[in-house]
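Colleague: Below is one structure. I have some questions about it.
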Amino acid sequence: MLYASFSLAQTGNSRVDGLNTSYVKLAYQDVIDDAKLLLRKRNSLNEEEQKEVYTKLAYSLFNTNDYKQAEVYFQNLLSFIQDDREDIDILLKYAQVLAGNGKSTLASEIWNRYSDAIEDNERAKDFAALLKNTDPLTRNGGSFETNYLGINTRLSEFSPVRYNGGLVFVSNRANNSPIKRVFAWDDSPFLDLFFLEDESQIKTSSYSSSISSSTYNKPATKKTIGSDDDTRQAANDAPALGFKARSGFFNKPNISSDRLSKNLNSIYHEGPCQFFNDDNSVIFTRNGIKELSYEASDEINRVHLYLAEKEEDDWTNLTAFPFNSGEYSTGHPAFMKSEAALFFVSDMPGGFGGTDIYFSKYEEGRWFEPENAGSIVNSPGNEMFPYVDENNILYFSSNGHPGLGGLDIFSIPISSHALPSGKVRNLGAPLNSSYDDFGVLTDGDLA
């Protein structure tokens, strides 16, 4: 799976152990509801049982990106820690939650505590130092203008790519069907691919907002205008994705767009895609269905990469990426401009962390064995959402390189052979914030 997990103890209390079934199934909303009920009668639970309930609740809130509530329960968990070395992942998640909530100073302190627990980890020290002084990443925030686009709704819109003069993007906005299918991760709608036919509409239908660098030093107690549901596991980067519906500025988009294709969109998740071969081919992320699914030992329907060919006005000949597997996920495709190599994300064995970025050479329709992009790009955390611009700059999101909180967007040059070189660069505010930032699309002028 594409996220860090923790060991689930068996306590001997069937009510507490029952939470494990929902957690393993990734039904985090069920865990949250049941754990809160158990904590109403916490006096009937012994100390071990209370710690287990708080842990499952805090992690479920973390995985559904409800950092405001998660902070409360991670803080409660600190009272149960007797040896930091035995609960280092709790410290790690708590530090990430605090950073995501804009509490940089306290996050820095917990990162230092985490570093001490794992014997002076240099990466943790880098996080602590940056969060103690975020000025290097925020000082230029006032030099940019940001715009809330007319394609946005109160739900999720992300990972745009150019196609046939327009934009294809991912959204979990509701459809018009009387049957509403929701995702057990947090009772949210599934993702589909949408198509905006004319990209120029974006420039004439947007809401402008100037952002100063001071914005990024304030506690992020709630989201503001233009908020959405992007989460830690967004955009098909995991076997199942978390989205929690919240009120936002846009109830409906003021620019209309349609689902891309019934042959590409399914009853489950479709996520980031990439068009190639003069827009006559597409590779996209989705859950396996029927003959294009994979058996997994844990029975989880992970996301994988699939390809299709354009035929007249629709997409046909769906095939699977040859390096898919039921035991790990593949997703988030991004071709180099030359189309000589495809970057993608996977949690396949042998990586550096939760999810890593890989690339597969592509020559005359043949895919070559994937190669890990290496330790310059990949970290002990999660790297995802790669994008390569016309200047061979690789952009990606990560929570494993020091940043402002959540996923930050980074860049690094790559060679014509797809090999990263030089140093990873954090793009800073306002492209990055204490929230999750990902799914970049550029005109080649960012780096």
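Residue numbering restarts at 1 for every chain of the structure tokens, chains are lettered A, B, ... in their displayed order, and ligands are numbered from 1 as they appear.
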Find the residues around Leu45 (chain A) up to 12 Å (only C-alpha atoms counted), leave out those fewer than 3 positions away in its own chain, and share them as an MDAnalysis selection string.
Modeller: chainID A and resid 11:16 35 38:42 48:54
Colleague: Keeping only C-alpha atoms, take the residues you just selected and write them out as a JSON list (two decimals), in the first residue's frame.
Modeller:
```
[["chain", "number", "residue", "atom", "x", "y", "z"],
["A", 11, "THR", "CA", -5.72, -6.43, 22.96],
["A", 12, "GLY", "CA", -8.11, -9.22, 23.88],
["A", 13, "ASN", "CA", -11.03, -6.76, 23.89],
["A", 14, "SER", "CA", -13.32, -7.65, 20.99],
["A", 15, "ARG", "CA", -14.70, -4.10, 20.80],
["A", 16, "VAL", "CA", -11.21, -2.66, 20.40],
["A", 35, "ALA", "CA", -13.38, 4.70, 18.01],
["A", 38, "LEU", "CA", -15.45, 3.62, 22.49],
["A", 39, "LEU", "CA", -13.72, 6.69, 23.92],
["A", 40, "ARG", "CA", -16.98, 7.92, 25.39],
["A", 41, "LYS", "CA", -16.59, 5.04, 27.85],
["A", 42, "ARG", "CA", -12.81, 5.13, 28.04],
["A", 48, "GLU", "CA", -3.28, -0.67, 26.52],
["A", 49, "GLU", "CA", -6.78, -0.61, 25.03],
["A", 50, "GLN", "CA", -7.03, 3.17, 25.29],
["A", 51, "LYS", "CA", -3.71, 3.58, 23.48],
["A", 52, "GLU", "CA", -4.88, 1.25, 20.73],
["A", 53, "VAL", "CA", -8.14, 3.15, 20.22],
["A", 54, "TYR", "CA", -6.40, 6.54, 20.24]]
```
Colleague: Neighbours of region 82-93 of chain A within 6 Å (only C-alpha atoms; same-chain residues fewer than 3 positions away dropped), as a list of chain:residue names?
Modeller: A:Gln96, A:Tyr114, A:Ala117
Colleague: Contacts of region 310-322 of chain A at 10 Å or less, counting only C-alpha atoms, minus same-chain residues fewer than 5 places along, as a CSV table (one decimal) with N, CA and C atoms, in the first residue's frame?
Modeller:
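Output below, filename out_19.csv:
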```
chain,number,residue,atom,x,y,z
A,260,LEU,N,-14.5,12.5,-19.5
A,260,LEU,CA,-13.8,12.3,-20.7
A,260,LEU,C,-14.3,11.2,-21.6
A,261,SER,N,-14.6,10.1,-21.1
A,261,SER,CA,-15.0,8.9,-21.9
A,261,SER,C,-15.6,7.9,-21.0
A,262,LYS,N,-16.7,7.3,-21.4
A,262,LYS,CA,-17.2,6.1,-20.6
A,262,LYS,C,-16.3,4.9,-20.7
A,263,ASN,N,-15.5,4.8,-21.8
A,263,ASN,CA,-14.6,3.7,-21.9
A,263,ASN,C,-13.4,3.8,-20.9
A,264,LEU,N,-13.1,5.1,-20.5
A,264,LEU,CA,-12.0,5.3,-19.6
A,264,LEU,C,-12.4,5.4,-18.2
A,279,ASP,N,-1.4,12.7,-29.1
A,279,ASP,CA,-2.7,12.7,-28.4
A,279,ASP,C,-3.6,11.5,-28.9
A,280,ASN,N,-2.9,10.6,-29.5
A,280,ASN,CA,-3.7,9.4,-30.0
A,280,ASN,C,-3.6,8.2,-29.0
A,281,SER,N,-2.8,8.4,-28.0
A,281,SER,CA,-2.7,7.3,-27.0
A,281,SER,C,-2.7,8.0,-25.6
A,282,VAL,N,-3.2,7.2,-24.6
A,282,VAL,CA,-3.3,7.7,-23.3
A,282,VAL,C,-2.9,6.6,-22.3
A,283,ILE,N,-2.2,7.0,-21.2
A,283,ILE,CA,-1.9,6.1,-20.1
A,283,ILE,C,-2.4,6.8,-18.9
A,284,PHE,N,-3.2,6.0,-18.1
A,284,PHE,CA,-3.9,6.6,-17.0
A,284,PHE,C,-4.0,5.7,-15.8
A,288,GLY,N,-8.3,-1.7,-10.9
A,288,GLY,CA,-8.5,-2.8,-11.8
A,288,GLY,C,-10.0,-3.3,-11.8
A,291,GLU,N,-11.4,-8.3,-16.3
A,291,GLU,CA,-10.2,-8.9,-16.8
A,291,GLU,C,-9.0,-8.1,-16.7
A,292,LEU,N,-9.1,-6.8,-16.4
A,292,LEU,CA,-8.0,-5.9,-16.2
A,292,LEU,C,-7.6,-5.7,-14.7
A,293,SER,N,-8.0,-6.6,-13.9
A,293,SER,CA,-7.8,-6.5,-12.4
A,293,SER,C,-6.7,-7.5,-12.1
A,304,HIS,N,-3.6,1.0,-10.8
A,304,HIS,CA,-2.6,0.6,-11.7
A,304,HIS,C,-2.6,1.5,-12.9
A,305,LEU,N,-1.6,1.3,-13.8
A,305,LEU,CA,-1.6,2.1,-15.0
A,305,LEU,C,-2.2,1.2,-16.2
A,330,THR,N,0.7,1.1,-9.1
A,330,THR,CA,1.4,2.0,-10.1
A,330,THR,C,0.5,3.1,-10.5
A,331,GLY,N,1.0,4.3,-10.7
A,331,GLY,CA,0.1,5.4,-11.1
A,331,GLY,C,0.8,6.6,-11.3
A,366,ARG,N,7.8,-0.5,-27.0
A,366,ARG,CA,8.2,-1.5,-26.0
A,366,ARG,C,8.6,-0.8,-24.7
A,367,TRP,N,8.1,-1.4,-23.6
A,367,TRP,CA,8.4,-0.8,-22.3
A,367,TRP,C,9.6,-1.6,-21.7
A,368,PHE,N,10.5,-0.9,-21.1
A,368,PHE,CA,11.7,-1.5,-20.5
A,368,PHE,C,11.5,-1.6,-19.0
A,369,GLU,N,12.2,-2.5,-18.3
A,369,GLU,CA,12.1,-2.7,-16.9
A,369,GLU,C,12.3,-1.3,-16.1
```
Colleague: Rounded to one decimal, what separation in Å do you get between CA of Ile393 (chain A) and CA of Phe359 (chain A)?
Modeller: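 Distance reported for this atom pair: 14.2 Å.
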Colleague: Using only C-alpha atoms, which protein or nucleic acid residues come within 12 Å of Leu419 (chain A)? Drop anything in the same chain fewer than 4 positions from it, and give the result as a PyMOL selection string.
Modeller: chain A and resi 336+341-343+357-361+371-377+392-394+412-415
Colleague: Report the closest atom pair, with its distance in Å rounded to one decimal, for each residue of region 301-409 of chain A that has an atom no farther than 9 Å from region 119-126 of chain A; count only C-alpha atoms, sort by chain and then rising residue number, and write it as JSON lines.
Modeller:
```
{"residue": "A:Gly400", "atom": "CA", "partner": "A:Arg123", "partner_atom": "CA", "distance": 8.4}
{"residue": "A:His401", "atom": "CA", "partner": "A:Arg123", "partner_atom": "CA", "distance": 7.7}
{"residue": "A:Pro402", "atom": "CA", "partner": "A:Asp126", "partner_atom": "CA", "distance": 6.3}
```
Colleague: Hey, can you spit out that residue selection with N, CA, C and O atoms as a PDB file, in the first residue's frame?
Modeller:
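For reference, out39.pdb as written:
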```pdb
ATOM      1  N   GLY A 400       8.690  13.781   2.113  1.00  0.00           N
ATOM      2  CA  GLY A 400       9.925  13.240   2.661  1.00  0.00           C
ATOM      3  C   GLY A 400      11.109  14.169   2.536  1.00  0.00           C
ATOM      4  O   GLY A 400      12.161  13.930   3.128  1.00  0.00           O
ATOM      5  N   HIS A 401      10.967  15.249   1.761  1.00  0.00           N
ATOM      6  CA  HIS A 401      11.971  16.309   1.705  1.00  0.00           C
ATOM      7  C   HIS A 401      11.454  17.484   2.536  1.00  0.00           C
ATOM      8  O   HIS A 401      10.246  17.738   2.574  1.00  0.00           O
ATOM      9  N   PRO A 402      12.339  18.214   3.215  1.00  0.00           N
ATOM     10  CA  PRO A 402      11.889  19.309   4.076  1.00  0.00           C
ATOM     11  C   PRO A 402      11.031  20.322   3.334  1.00  0.00           C
ATOM     12  O   PRO A 402      11.379  20.770   2.237  1.00  0.00           O
TER      13      PRO A 402
END
```
Colleague: Phe396 (chain A): which residues within 8 Å, counting only C-alpha atoms, same-chain residues fewer than 5 positions away excluded, as a list of chain:residue names?
Modeller: A:Glu383, A:Met384, A:Phe385, A:Pro386, A:Tyr387, A:Ile409, A:Phe410, A:Ser411, A:Phe438, A:Gly439
Colleague: Calculate how many Å separate CA of Asp258 (chain A) from CA of Lys290 (chain A), rounding to one decimal.
Modeller: 25.2 Å
Colleague: List the neighbours of region 426-431 of chain A out to 6 Å using only C-alpha atoms; skip same-chain residues closer than 2 positions along the sequence, and give me the result as a list in words.
Modeller: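 Close residues of region 426-431 of chain A: Leu137, Thr138, Gly141 and Phe410 of chain A.
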Colleague: Which distance in Å separates CA of Val97 (chain A) and CA of His332 (chain A), to one decimal?
Modeller: 24.6 Å
